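Peer 1: Got a structure for you, structure.pdb, holding PDB, C-alpha atoms and all ligand atoms.
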```
ATOM      1  CA  MET A  98     -15.931-218.909 -90.987
ATOM      2  CA  ARG A  99     -17.523-220.508 -94.021
ATOM      3  CA  GLN A 100     -15.025-221.260 -96.777
ATOM      4  CA  PRO A 101     -16.407-220.061-100.116
ATOM      5  CA  ILE A 102     -16.994-222.785-102.695
ATOM      6  CA  ILE A 103     -16.846-222.135-106.428
ATOM      7  CA  ALA A 104     -18.196-224.995-108.489
ATOM      8  CA  GLY A 105     -18.210-225.445-112.246
ATOM      9  CA  ASN A 106     -21.320-227.145-113.604
ATOM     10  CA  TRP A 107     -20.290-228.303-117.042
ATOM     11  CA  LYS A 108     -23.748-229.617-117.926
ATOM     12  CA  MET A 109     -23.601-231.696-121.138
ATOM     13  CA  HIS A 110     -20.243-230.365-122.293
ATOM     14  CA  LYS A 111     -16.781-231.891-122.766
ATOM     15  CA  THR A 112     -15.584-235.355-123.716
ATOM     16  CA  GLY A 113     -12.820-237.136-121.792
ATOM     17  CA  PRO A 114     -10.048-235.776-124.046
ATOM     18  CA  GLU A 115     -11.510-232.259-123.859
ATOM     19  CA  THR A 116     -11.577-232.579-120.079
ATOM     20  CA  GLN A 117      -7.918-233.612-120.067
ATOM     21  CA  GLU A 118      -7.072-230.570-122.164
ATOM     22  CA  PHE A 119      -9.022-228.315-119.781
ATOM     23  CA  MET A 120      -7.196-229.721-116.748
ATOM     24  CA  THR A 121      -3.778-229.308-118.351
ATOM     25  CA  GLN A 122      -4.465-225.606-118.816
ATOM     26  CA  PHE A 123      -6.519-224.986-115.661
ATOM     27  CA  LEU A 124      -4.363-226.595-112.959
ATOM     28  CA  PRO A 125      -1.375-224.235-113.210
ATOM     29  CA  LEU A 126      -3.716-221.218-113.302
ATOM     30  CA  VAL A 127      -5.292-222.059-109.927
ATOM     31  CA  ALA A 128      -2.328-223.656-108.161
ATOM     32  CA  GLY A 129      -1.995-222.288-104.628
ATOM     33  CA  VAL A 130      -5.553-220.909-104.416
ATOM     34  CA  GLU A 131      -6.719-221.340-100.830
ATOM     35  CA  HIS A 132      -9.362-218.650-100.312
ATOM     36  CA  CYS A 133     -12.045-220.877-101.826
ATOM     37  CA  GLU A 134     -12.773-224.508-102.510
ATOM     38  CA  ILE A 135     -12.715-225.314-106.233
ATOM     39  CA  VAL A 136     -15.097-227.984-107.511
ATOM     40  CA  LEU A 137     -15.643-229.317-111.025
ATOM     41  CA  CYS A 138     -18.797-231.195-111.982
ATOM     42  CA  PRO A 139     -18.246-232.750-115.417
ATOM     43  CA  PRO A 140     -20.471-235.286-117.203
ATOM     44  CA  TYR A 141     -20.224-238.827-115.778
ATOM     45  CA  THR A 142     -18.018-239.965-118.667
ATOM     46  CA  ALA A 143     -15.294-237.474-117.729
ATOM     47  CA  LEU A 144     -15.217-238.172-113.971
ATOM     48  CA  SER A 145     -12.308-240.607-114.251
ATOM     49  CA  VAL A 146     -10.276-238.041-116.191
ATOM     50  CA  ILE A 147     -10.848-235.420-113.491
ATOM     51  CA  ALA A 148     -10.127-237.983-110.760
ATOM     52  CA  ALA A 149      -6.720-238.760-112.227
ATOM     53  CA  ALA A 150      -5.815-235.184-113.133
ATOM     54  CA  SER A 151      -6.891-233.653-109.812
ATOM     55  CA  GLN A 152      -4.995-236.050-107.561
ATOM     56  CA  GLY A 153      -2.837-234.118-105.116
ATOM     57  CA  THR A 154      -4.290-230.754-106.227
ATOM     58  CA  ASN A 155      -6.651-228.244-104.583
ATOM     59  CA  ILE A 156      -9.548-229.380-106.787
ATOM     60  CA  ALA A 157     -12.488-231.492-105.679
ATOM     61  CA  PHE A 158     -15.107-232.848-108.027
ATOM     62  CA  GLY A 159     -18.662-234.013-108.194
ATOM     63  CA  ALA A 160     -21.460-235.231-110.434
ATOM     64  CA  GLN A 161     -24.475-233.356-111.776
ATOM     65  CA  ASN A 162     -27.166-235.842-110.774
ATOM     66  CA  MET A 163     -27.719-239.372-109.401
ATOM     67  CA  HIS A 164     -30.515-241.843-108.704
ATOM     68  CA  TRP A 165     -32.066-242.203-105.256
ATOM     69  CA  GLU A 166     -31.794-245.985-105.195
ATOM     70  CA  LEU A 167     -28.473-247.692-104.561
ATOM     71  CA  GLN A 168     -28.736-250.265-107.351
ATOM     72  CA  GLY A 169     -31.233-252.122-109.475
ATOM     73  CA  ALA A 170     -33.106-252.136-112.742
ATOM     74  CA  PHE A 171     -32.898-248.417-113.552
ATOM     75  CA  THR A 172     -31.521-248.310-117.068
ATOM     76  CA  GLY A 173     -29.405-245.262-117.712
ATOM     77  CA  GLU A 174     -29.082-244.214-114.077
ATOM     78  CA  VAL A 175     -26.032-243.851-111.813
ATOM     79  CA  SER A 176     -25.982-244.466-108.045
ATOM     80  CA  ALA A 177     -24.464-242.651-105.084
ATOM     81  CA  GLY A 178     -22.129-245.597-104.432
ATOM     82  CA  MET A 179     -20.851-245.416-108.012
ATOM     83  CA  LEU A 180     -20.142-241.700-107.666
ATOM     84  CA  LYS A 181     -18.429-242.205-104.328
ATOM     85  CA  ALA A 182     -16.257-244.978-105.769
ATOM     86  CA  ALA A 183     -15.393-242.669-108.679
ATOM     87  CA  GLY A 184     -14.010-240.183-106.141
ATOM     88  CA  CYS A 185     -16.822-237.649-106.069
ATOM     89  CA  LYS A 186     -17.119-235.430-103.010
ATOM     90  CA  TYR A 187     -20.193-233.538-104.219
ATOM     91  CA  VAL A 188     -23.310-234.120-106.284
ATOM     92  CA  ILE A 189     -25.511-231.365-107.714
ATOM     93  CA  LEU A 190     -29.157-232.169-106.946
ATOM     94  CA  GLY A 191     -32.372-230.472-107.998
ATOM     95  CA  HIS A 192     -30.827-228.263-110.674
ATOM     96  CA  SER A 193     -33.580-226.327-112.435
ATOM     97  CA  GLU A 194     -32.794-228.129-115.710
ATOM     98  CA  ARG A 195     -33.427-231.469-113.942
ATOM     99  CA  ARG A 196     -36.649-230.103-112.481
ATOM    100  CA  GLU A 197     -37.810-228.636-115.793
ATOM    101  CA  TYR A 198     -36.743-231.190-118.425
ATOM    102  CA  PHE A 199     -36.719-234.395-116.373
ATOM    103  CA  GLY A 200     -39.708-233.771-114.135
ATOM    104  CA  GLU A 201     -37.873-233.829-110.814
ATOM    105  CA  SER A 202     -40.163-232.771-107.991
ATOM    106  CA  ASP A 203     -39.124-231.650-104.522
ATOM    107  CA  ALA A 204     -40.077-235.136-103.281
ATOM    108  CA  VAL A 205     -37.677-236.763-105.762
ATOM    109  CA  VAL A 206     -34.939-234.290-104.906
ATOM    110  CA  ASN A 207     -35.518-235.006-101.206
ATOM    111  CA  ARG A 208     -35.000-238.751-101.753
ATOM    112  CA  LYS A 209     -31.797-238.030-103.645
ATOM    113  CA  VAL A 210     -30.511-235.693-100.920
ATOM    114  CA  LYS A 211     -31.087-238.400 -98.305
ATOM    115  CA  THR A 212     -29.343-241.071-100.381
ATOM    116  CA  ALA A 213     -26.387-238.797-101.119
ATOM    117  CA  LEU A 214     -25.874-237.951 -97.449
ATOM    118  CA  ALA A 215     -26.212-241.599 -96.399
ATOM    119  CA  ASN A 216     -23.411-242.393 -98.844
ATOM    120  CA  ALA A 217     -21.068-239.607 -97.746
ATOM    121  CA  LEU A 218     -21.670-237.464-100.817
ATOM    122  CA  LEU A 219     -22.323-233.779-100.159
ATOM    123  CA  PRO A 220     -25.329-232.442-102.061
ATOM    124  CA  ILE A 221     -25.182-229.088-103.814
ATOM    125  CA  LEU A 222     -28.928-228.518-103.609
ATOM    126  CA  CYS A 223     -30.316-226.009-106.105
ATOM    127  CA  VAL A 224     -33.380-223.846-105.629
ATOM    128  CA  GLY A 225     -34.632-220.819-107.538
ATOM    129  CA  GLU A 226     -37.660-219.088-108.956
ATOM    130  CA  LYS A 227     -38.877-218.531-112.525
ATOM    131  CA  LEU A 228     -39.199-215.050-113.989
ATOM    132  CA  GLU A 229     -42.986-215.180-113.616
ATOM    133  CA  HIS A 230     -42.583-215.855-109.870
ATOM    134  CA  ARG A 231     -40.211-212.929-109.455
ATOM    135  CA  GLU A 232     -42.535-210.629-111.366
ATOM    136  CA  ALA A 233     -45.474-211.791-109.265
ATOM    137  CA  GLY A 234     -43.524-211.118-106.068
ATOM    138  CA  SER A 235     -43.593-214.784-105.020
ATOM    139  CA  THR A 236     -39.836-215.496-105.055
ATOM    140  CA  GLN A 237     -39.611-216.142-101.312
ATOM    141  CA  GLN A 238     -42.684-218.346-101.272
ATOM    142  CA  VAL A 239     -41.382-220.482-104.164
ATOM    143  CA  VAL A 240     -37.882-220.806-102.761
ATOM    144  CA  LYS A 241     -39.227-221.642 -99.305
ATOM    145  CA  GLY A 242     -41.437-224.379-100.776
ATOM    146  CA  GLN A 243     -38.469-225.913-102.606
ATOM    147  CA  LEU A 244     -36.325-225.759 -99.486
ATOM    148  CA  LEU A 245     -38.907-227.309 -97.181
ATOM    149  CA  GLY A 246     -39.711-230.031 -99.721
ATOM    150  CA  SER A 247     -36.108-230.882-100.549
ATOM    151  CA  LEU A 248     -34.831-230.768 -96.961
ATOM    152  CA  ALA A 249     -37.738-232.623 -95.303
ATOM    153  CA  GLY A 250     -36.481-235.050 -92.695
ATOM    154  CA  ILE A 251     -32.815-234.050 -92.983
ATOM    155  CA  ALA A 252     -31.061-233.622 -89.609
ATOM    156  CA  ALA A 253     -29.377-230.340 -88.699
ATOM    157  CA  VAL A 254     -25.946-231.973 -88.652
ATOM    158  CA  ASP A 255     -26.430-233.090 -92.268
ATOM    159  CA  VAL A 256     -27.849-229.773 -93.455
ATOM    160  CA  SER A 257     -24.806-228.004 -92.032
ATOM    161  CA  LYS A 258     -22.505-230.084 -94.266
ATOM    162  CA  MET A 259     -24.483-229.426 -97.437
ATOM    163  CA  VAL A 260     -24.122-226.697 -99.998
ATOM    164  CA  LEU A 261     -27.223-224.813-101.148
ATOM    165  CA  ALA A 262     -27.298-222.948-104.432
ATOM    166  CA  TYR A 263     -29.730-220.142-105.140
ATOM    167  CA  GLU A 264     -30.159-220.003-108.902
ATOM    168  CA  PRO A 265     -32.919-217.743-110.218
ATOM    169  CA  ILE A 266     -33.974-219.533-113.397
ATOM    170  CA  TRP A 267     -34.245-216.298-115.365
ATOM    171  CA  ALA A 268     -30.526-215.699-114.734
ATOM    172  CA  ILE A 269     -29.242-219.104-115.894
ATOM    173  CA  GLY A 270     -27.444-218.966-119.223
ATOM    174  CA  THR A 271     -29.120-215.692-120.097
ATOM    175  CA  GLY A 272     -26.350-213.249-119.280
ATOM    176  CA  ARG A 273     -28.831-211.617-116.930
ATOM    177  CA  THR A 274     -27.353-211.835-113.426
ATOM    178  CA  ALA A 275     -29.336-211.015-110.329
ATOM    179  CA  THR A 276     -27.895-207.869-108.800
ATOM    180  CA  SER A 277     -25.654-208.630-105.859
ATOM    181  CA  SER A 278     -28.201-207.068-103.500
ATOM    182  CA  ASP A 279     -31.100-209.107-104.976
ATOM    183  CA  ALA A 280     -29.027-212.296-104.648
ATOM    184  CA  GLU A 281     -27.974-211.383-101.109
ATOM    185  CA  GLU A 282     -31.570-210.700-100.121
ATOM    186  CA  VAL A 283     -32.821-214.123-101.233
ATOM    187  CA  ILE A 284     -29.770-215.938 -99.856
ATOM    188  CA  ALA A 285     -30.178-214.251 -96.463
ATOM    189  CA  PHE A 286     -33.825-215.352 -96.590
ATOM    190  CA  ILE A 287     -32.729-218.941 -97.365
ATOM    191  CA  ARG A 288     -30.329-218.886 -94.420
ATOM    192  CA  ALA A 289     -33.105-217.648 -92.123
ATOM    193  CA  GLU A 290     -35.444-220.398 -93.371
ATOM    194  CA  VAL A 291     -32.762-223.035 -92.764
ATOM    195  CA  GLY A 292     -32.475-221.615 -89.249
ATOM    196  CA  ALA A 293     -36.211-221.889 -88.714
ATOM    197  CA  LEU A 294     -36.156-225.464 -90.033
ATOM    198  CA  VAL A 295     -33.137-226.987 -88.286
ATOM    199  CA  GLY A 296     -31.683-224.332 -85.992
ATOM    200  CA  SER A 297     -29.263-221.444 -86.106
ATOM    201  CA  ALA A 298     -26.036-223.471 -85.824
ATOM    202  CA  ALA A 299     -26.745-225.299 -89.090
ATOM    203  CA  ALA A 300     -27.931-222.050 -90.707
ATOM    204  CA  GLU A 301     -24.643-220.373 -89.815
ATOM    205  CA  ALA A 302     -22.605-223.330 -91.074
ATOM    206  CA  VAL A 303     -24.337-224.125 -94.349
ATOM    207  CA  ARG A 304     -22.692-222.647 -97.420
ATOM    208  CA  ILE A 305     -25.028-220.965 -99.885
ATOM    209  CA  GLN A 306     -23.899-220.236-103.430
ATOM    210  CA  TYR A 307     -25.350-217.907-105.999
ATOM    211  CA  GLY A 308     -25.685-219.212-109.552
ATOM    212  CA  GLY A 309     -26.896-217.667-112.803
ATOM    213  CA  SER A 310     -24.592-215.931-115.299
ATOM    214  CA  VAL A 311     -21.699-215.575-112.854
ATOM    215  CA  LYS A 312     -18.697-214.327-114.838
ATOM    216  CA  PRO A 313     -15.151-213.240-113.976
ATOM    217  CA  ASP A 314     -16.232-209.599-113.941
ATOM    218  CA  ASN A 315     -19.208-209.905-111.591
ATOM    219  CA  ALA A 316     -17.878-212.570-109.195
ATOM    220  CA  ALA A 317     -16.117-210.196-106.775
ATOM    221  CA  GLU A 318     -19.209-208.089-106.201
ATOM    222  CA  LEU A 319     -21.398-211.134-105.557
ATOM    223  CA  MET A 320     -18.821-212.780-103.309
ATOM    224  CA  ALA A 321     -18.457-209.616-101.213
ATOM    225  CA  MET A 322     -22.020-210.074 -99.933
ATOM    226  CA  PRO A 323     -22.092-211.403 -96.360
ATOM    227  CA  ASN A 324     -24.400-214.357 -97.005
ATOM    228  CA  ILE A 325     -23.062-215.426-100.415
ATOM    229  CA  ASP A 326     -20.539-218.211 -99.925
ATOM    230  CA  GLY A 327     -19.612-219.039-103.462
ATOM    231  CA  ALA A 328     -20.882-219.553-106.962
ATOM    232  CA  LEU A 329     -22.305-222.317-109.113
ATOM    233  CA  VAL A 330     -21.028-221.509-112.571
ATOM    234  CA  GLY A 331     -22.187-222.908-115.901
ATOM    235  CA  GLY A 332     -20.970-221.197-119.074
ATOM    236  CA  ALA A 333     -18.002-219.395-117.529
ATOM    237  CA  SER A 334     -16.596-222.645-116.105
ATOM    238  CA  LEU A 335     -16.012-224.220-119.522
ATOM    239  CA  GLU A 336     -12.983-222.234-120.512
ATOM    240  CA  PRO A 337      -9.861-222.624-118.315
ATOM    241  CA  ALA A 338      -8.666-219.016-118.322
ATOM    242  CA  SER A 339     -12.122-217.606-117.667
ATOM    243  CA  PHE A 340     -12.896-220.046-114.850
ATOM    244  CA  ALA A 341      -9.465-219.501-113.285
ATOM    245  CA  LYS A 342     -10.042-215.741-113.364
ATOM    246  CA  LEU A 343     -13.424-216.234-111.727
ATOM    247  CA  VAL A 344     -11.898-218.478-109.016
ATOM    248  CA  ARG A 345      -9.323-215.749-108.396
ATOM    249  CA  TYR A 346     -12.019-213.104-107.871
ATOM    250  CA  LYS A 347     -10.255-211.797-104.782
TER     251      LYS A 347
HETATM  252  P1  LIG A 401     -24.758-220.210-116.089
HETATM  253  O1  LIG A 401     -25.348-221.573-115.420
HETATM  254  O2  LIG A 401     -23.569-219.810-115.245
HETATM  255  O3  LIG A 401     -24.371-220.613-117.480
HETATM  256  O4  LIG A 401     -25.839-219.194-116.034
HETATM  257  C1  LIG A 401     -25.434-221.730-114.032
HETATM  258  C2  LIG A 401     -26.056-223.074-113.683
HETATM  259  O5  LIG A 401     -27.002-223.495-114.355
HETATM  260  O6  LIG A 401     -25.628-223.754-112.730
END
```
How does this structure look as structure tokens?
Ligand code: PGA
Peer 2:
Amino acid sequence: MRQPIIAGNWKMHKTGPETQEFMTQFLPLVAGVEHCEIVLCPPYTALSVIAAASQGTNIAFGAQNMHWELQGAFTGEVSAGMLKAAGCKYVILGHSERREYFGESDAVVNRKVKTALANALLPILCVGEKLEHREAGSTQQVVKGQLLGSLAGIAAVDVSKMVLAYEPIWAIGTGRTATSSDAEEVIAFIRAEVGALVGSAAAEAVRIQYGGSVKPDNAAELMAMPNIDGALVGGASLEPASFAKLVRYK
């Protein structure tokens, strides 16, 4: 059985003190939740706040990006070793905002995935099509290309530990969610492609989230789909009561 994983992607929101305030309110609201893994991905500058506040709780945390090299002259970048030492379990890689605004290609994402895995960080690897792709009927082709490019050379045993996130770009931050059956269809396709790439055992094990305008009132329907193993949540993860309600979708 795959344990669902609900991750909050805070993007460029919340200072350290704001993060502390969030945790003070959020922790009691989700205490005792066991049906899903809860993950928070704050900005780098708030990782230490989450690390301290989440100790001994049911909350894991991660970063939103990292560099593919372990150290060196890369001004402004953060390495896998730094994230690991900060207590991160996960790192979001290949988010569409990274691809779009920071020019990350599948080849770059692939290098990052390899470095993360080699440093015992679990990637949350994002893929997803633009509206024009969906309208042109090329969703599967685009998503397959991203998957093959980002997962090139990754062993089955590593793929099985990862989290994949299907995030149709037209649904991110727009309030326009994919219907649960549209999301299920693409996620089932992703699972089949993972099977073709590295075998059915890894395809059965890998957890695949849906992301894009997931809210407390649509989470249950999405999560009821057989291939959807969780959610990657932006806007609705910023407010403690709303994110706690979403986590408690059951
Ligand atoms: P959203 O963002 O929930 O605000 O649509 C999701 C994401 O970008 O991960």
Peer 1: List the spatial neighbours of stretch 133-146 of chain A as a ChimeraX atom specification - criterion: any atom at most 10 Å away, all atoms listed in the file, same-chain residues fewer than 3 positions off excluded.
Peer 2: /A:99-117,120,127,130,149-151,155-163,175,180,183-189,326-327,329-331,334-335,341,344-347
Peer 1: If you take all atoms listed in the file and a cut-off of 8 Å, which residues of chain A touch ligand LIG 401 (chain A), and what are their nearest atom pairs and distances in Å to one decimal, in chain and number order, as JSON lines?
Peer 2:
```
{"residue": "A:Gly105", "atom": "CA", "partner": "A:LIG401", "partner_atom": "O6", "distance": 7.6}
{"residue": "A:Asn106", "atom": "CA", "partner": "A:LIG401", "partner_atom": "O6", "distance": 5.6}
{"residue": "A:Lys108", "atom": "CA", "partner": "A:LIG401", "partner_atom": "O5", "distance": 7.8}
{"residue": "A:His192", "atom": "CA", "partner": "A:LIG401", "partner_atom": "O5", "distance": 7.1}
{"residue": "A:Ser193", "atom": "CA", "partner": "A:LIG401", "partner_atom": "O5", "distance": 7.4}
{"residue": "A:Glu194", "atom": "CA", "partner": "A:LIG401", "partner_atom": "O5", "distance": 7.5}
{"residue": "A:Glu264", "atom": "CA", "partner": "A:LIG401", "partner_atom": "C2", "distance": 7.0}
{"residue": "A:Ala268", "atom": "CA", "partner": "A:LIG401", "partner_atom": "O4", "distance": 6.0}
{"residue": "A:Ile269", "atom": "CA", "partner": "A:LIG401", "partner_atom": "O4", "distance": 3.4}
{"residue": "A:Gly270", "atom": "CA", "partner": "A:LIG401", "partner_atom": "O4", "distance": 3.6}
{"residue": "A:Thr271", "atom": "CA", "partner": "A:LIG401", "partner_atom": "O4", "distance": 6.3}
{"residue": "A:Gly272", "atom": "CA", "partner": "A:LIG401", "partner_atom": "O4", "distance": 6.8}
{"residue": "A:Thr274", "atom": "CA", "partner": "A:LIG401", "partner_atom": "O4", "distance": 8.0}
{"residue": "A:Gly308", "atom": "CA", "partner": "A:LIG401", "partner_atom": "C1", "distance": 5.1}
{"residue": "A:Gly309", "atom": "CA", "partner": "A:LIG401", "partner_atom": "O4", "distance": 3.7}
{"residue": "A:Ser310", "atom": "CA", "partner": "A:LIG401", "partner_atom": "O4", "distance": 3.6}
{"residue": "A:Val311", "atom": "CA", "partner": "A:LIG401", "partner_atom": "O2", "distance": 5.2}
{"residue": "A:Lys312", "atom": "CA", "partner": "A:LIG401", "partner_atom": "O2", "distance": 7.3}
{"residue": "A:Leu329", "atom": "CA", "partner": "A:LIG401", "partner_atom": "O6", "distance": 5.1}
{"residue": "A:Val330", "atom": "CA", "partner": "A:LIG401", "partner_atom": "O2", "distance": 4.1}
{"residue": "A:Gly331", "atom": "CA", "partner": "A:LIG401", "partner_atom": "O2", "distance": 3.5}
{"residue": "A:Gly332", "atom": "CA", "partner": "A:LIG401", "partner_atom": "O3", "distance": 3.8}
{"residue": "A:Ala333", "atom": "CA", "partner": "A:LIG401", "partner_atom": "O2", "distance": 6.0}
{"residue": "A:Ser334", "atom": "CA", "partner": "A:LIG401", "partner_atom": "O2", "distance": 7.6}
```
Peer 1: Using only C-alpha atoms, please write the residues we just selected to a file, as a short mmCIF file (atom, residue, chain, number, x, y, z; two decimals), keeping the file's coordinate frame.
Peer 2:
```cif
data_model
loop_
_atom_site.label_atom_id
_atom_site.label_comp_id
_atom_site.auth_asym_id
_atom_site.auth_seq_id
_atom_site.Cartn_x
_atom_site.Cartn_y
_atom_site.Cartn_z
CA GLY A 105 -18.21 -225.44 -112.25
CA ASN A 106 -21.32 -227.14 -113.60
CA LYS A 108 -23.75 -229.62 -117.93
CA HIS A 192 -30.83 -228.26 -110.67
CA SER A 193 -33.58 -226.33 -112.44
CA GLU A 194 -32.79 -228.13 -115.71
CA GLU A 264 -30.16 -220.00 -108.90
CA ALA A 268 -30.53 -215.70 -114.73
CA ILE A 269 -29.24 -219.10 -115.89
CA GLY A 270 -27.44 -218.97 -119.22
CA THR A 271 -29.12 -215.69 -120.10
CA GLY A 272 -26.35 -213.25 -119.28
CA THR A 274 -27.35 -211.84 -113.43
CA GLY A 308 -25.68 -219.21 -109.55
CA GLY A 309 -26.90 -217.67 -112.80
CA SER A 310 -24.59 -215.93 -115.30
CA VAL A 311 -21.70 -215.58 -112.85
CA LYS A 312 -18.70 -214.33 -114.84
CA LEU A 329 -22.30 -222.32 -109.11
CA VAL A 330 -21.03 -221.51 -112.57
CA GLY A 331 -22.19 -222.91 -115.90
CA GLY A 332 -20.97 -221.20 -119.07
CA ALA A 333 -18.00 -219.40 -117.53
CA SER A 334 -16.60 -222.64 -116.10
#
```
Peer 1: For this structure, which residues satisfy the selection - the PyMOL selection byres (((chain A and resi 216) around 8) and not hetatm) - when it is evaluated on the file as given? I want them as an mmCIF file with C-alpha atoms, in the frame of the given file.
Peer 2:
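Output file selection30.cif is given in full below:
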```cif
data_model
loop_
_atom_site.group_PDB
_atom_site.id
_atom_site.type_symbol
_atom_site.label_atom_id
_atom_site.label_comp_id
_atom_site.auth_asym_id
_atom_site.auth_seq_id
_atom_site.Cartn_x
_atom_site.Cartn_y
_atom_site.Cartn_z
ATOM 1 C CA ALA A 177 -24.464 -242.651 -105.084
ATOM 2 C CA GLY A 178 -22.129 -245.597 -104.432
ATOM 3 C CA LYS A 181 -18.429 -242.205 -104.328
ATOM 4 C CA THR A 212 -29.343 -241.071 -100.381
ATOM 5 C CA ALA A 213 -26.387 -238.797 -101.119
ATOM 6 C CA LEU A 214 -25.874 -237.951 -97.449
ATOM 7 C CA ALA A 215 -26.212 -241.599 -96.399
ATOM 8 C CA ALA A 217 -21.068 -239.607 -97.746
ATOM 9 C CA LEU A 218 -21.670 -237.464 -100.817
#
```
Peer 1: Please, what distance in Å, to one decimal, runs between atom CA of A:Cys223 and atom CA of A:Gln122?
Peer 2: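 It comes out at 28.8 Å.
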Peer 1: Measuring between all atoms listed in the file, which one of A:Ala253, A:Thr154, A:Phe119, A:Asn207 shows the shortest distance to A:Glu131?
Peer 2: A:Thr154
Peer 1: Grab the atom CA of A:Met259 to atom CA of A:Arg273 distance for me, in Å with one decimal place.
Peer 2: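 Straight-line distance from atom CA of A:Met259 to atom CA of A:Arg273 works out to 26.8 Å.
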Peer 1: Would you mind telling me which residue in A:Tyr307, A:Leu248, A:Trp267, A:Asn324 lies nearest to A:Arg288 when using all atoms listed in the file?
Peer 2: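 The shortest atom-to-atom distance to A:Arg288 comes from A:Asn324.
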Peer 1: For A:Leu244, find every residue with an atom within 12 Å (counting all atoms listed in the file), except residues of its own chain fewer than 3 positions away, and show them as an MDAnalysis selection string.
Peer 2: chainID A and resid 191 202:204 206:207 210 222:226 237:241 247:251 256 261:263 284 286:295
Peer 1: Please produce an output containing C-alpha atoms for each residue in the selection, written as a PDB file, in the coordinates of the input.
Peer 2:
```
ATOM      1  CA  GLY A 191     -32.372-230.472-107.998  1.00  0.00           C
ATOM      2  CA  SER A 202     -40.163-232.771-107.991  1.00  0.00           C
ATOM      3  CA  ASP A 203     -39.124-231.650-104.522  1.00  0.00           C
ATOM      4  CA  ALA A 204     -40.077-235.136-103.281  1.00  0.00           C
ATOM      5  CA  VAL A 206     -34.939-234.290-104.906  1.00  0.00           C
ATOM      6  CA  ASN A 207     -35.518-235.006-101.206  1.00  0.00           C
ATOM      7  CA  VAL A 210     -30.511-235.693-100.920  1.00  0.00           C
ATOM      8  CA  LEU A 222     -28.928-228.518-103.609  1.00  0.00           C
ATOM      9  CA  CYS A 223     -30.316-226.009-106.105  1.00  0.00           C
ATOM     10  CA  VAL A 224     -33.380-223.846-105.629  1.00  0.00           C
ATOM     11  CA  GLY A 225     -34.632-220.819-107.538  1.00  0.00           C
ATOM     12  CA  GLU A 226     -37.660-219.088-108.956  1.00  0.00           C
ATOM     13  CA  GLN A 237     -39.611-216.142-101.312  1.00  0.00           C
ATOM     14  CA  GLN A 238     -42.684-218.346-101.272  1.00  0.00           C
ATOM     15  CA  VAL A 239     -41.382-220.482-104.164  1.00  0.00           C
ATOM     16  CA  VAL A 240     -37.882-220.806-102.761  1.00  0.00           C
ATOM     17  CA  LYS A 241     -39.227-221.642 -99.305  1.00  0.00           C
ATOM     18  CA  SER A 247     -36.108-230.882-100.549  1.00  0.00           C
ATOM     19  CA  LEU A 248     -34.831-230.768 -96.961  1.00  0.00           C
ATOM     20  CA  ALA A 249     -37.738-232.623 -95.303  1.00  0.00           C
ATOM     21  CA  GLY A 250     -36.481-235.050 -92.695  1.00  0.00           C
ATOM     22  CA  ILE A 251     -32.815-234.050 -92.983  1.00  0.00           C
ATOM     23  CA  VAL A 256     -27.849-229.773 -93.455  1.00  0.00           C
ATOM     24  CA  LEU A 261     -27.223-224.813-101.148  1.00  0.00           C
ATOM     25  CA  ALA A 262     -27.298-222.948-104.432  1.00  0.00           C
ATOM     26  CA  TYR A 263     -29.730-220.142-105.140  1.00  0.00           C
ATOM     27  CA  ILE A 284     -29.770-215.938 -99.856  1.00  0.00           C
ATOM     28  CA  PHE A 286     -33.825-215.352 -96.590  1.00  0.00           C
ATOM     29  CA  ILE A 287     -32.729-218.941 -97.365  1.00  0.00           C
ATOM     30  CA  ARG A 288     -30.329-218.886 -94.420  1.00  0.00           C
ATOM     31  CA  ALA A 289     -33.105-217.648 -92.123  1.00  0.00           C
ATOM     32  CA  GLU A 290     -35.444-220.398 -93.371  1.00  0.00           C
ATOM     33  CA  VAL A 291     -32.762-223.035 -92.764  1.00  0.00           C
ATOM     34  CA  GLY A 292     -32.475-221.615 -89.249  1.00  0.00           C
ATOM     35  CA  ALA A 293     -36.211-221.889 -88.714  1.00  0.00           C
ATOM     36  CA  LEU A 294     -36.156-225.464 -90.033  1.00  0.00           C
ATOM     37  CA  VAL A 295     -33.137-226.987 -88.286  1.00  0.00           C
TER      38      VAL A 295
END
```
Peer 1: Enclose stretch 142-151 of chain A, meaning all of its atoms listed in the file, in a box aligned along x, y and z, pad it by 3 Å on each side, and list the centre and edge lengths in Å to one decimal, as AutoDock Vina command-line options.
Peer 2:
```
--center_x -11.9 --center_y -237.1 --center_z -114.2 --size_x 18.2 --size_y 13.0 --size_z 14.9
```
Peer 1: Of the residues A:His230, A:Lys258, A:Lys342, A:His132, which is the one nearest to A:Asn315, using only C-alpha atoms?
Peer 2: A:Lys342
Peer 1: Just to confirm, what's the straight-line distance from atom CA of A:Leu124 to atom CA of A:Val303 in Å (one decimal)?
Peer 2: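 Going from atom CA of A:Leu124 over to atom CA of A:Val303, I get 27.4 Å.
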Peer 1: Would you mind telling me which residue in A:Arg231, A:Ala298, A:Gly129, A:Pro323 lies nearest to A:Ala285 when using only C-alpha atoms?
Peer 2: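 That would be A:Pro323, the residue with the smallest distance to A:Ala285.
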Peer 1: From the set A:Pro313, A:Pro220, A:Gly173, A:Gly153, which residue has the shortest atom-to-atom contact distance to A:Val260, counting only C-alpha atoms?
Peer 2: A:Pro220
Peer 1: For each of A:Trp165, A:Glu232, A:Ala182, A:Ala299, take the minimum atom-to-atom distance to A:Ala148, counting all atoms listed in the file, then give the residue where this is smallest.
Peer 2: A:Ala182
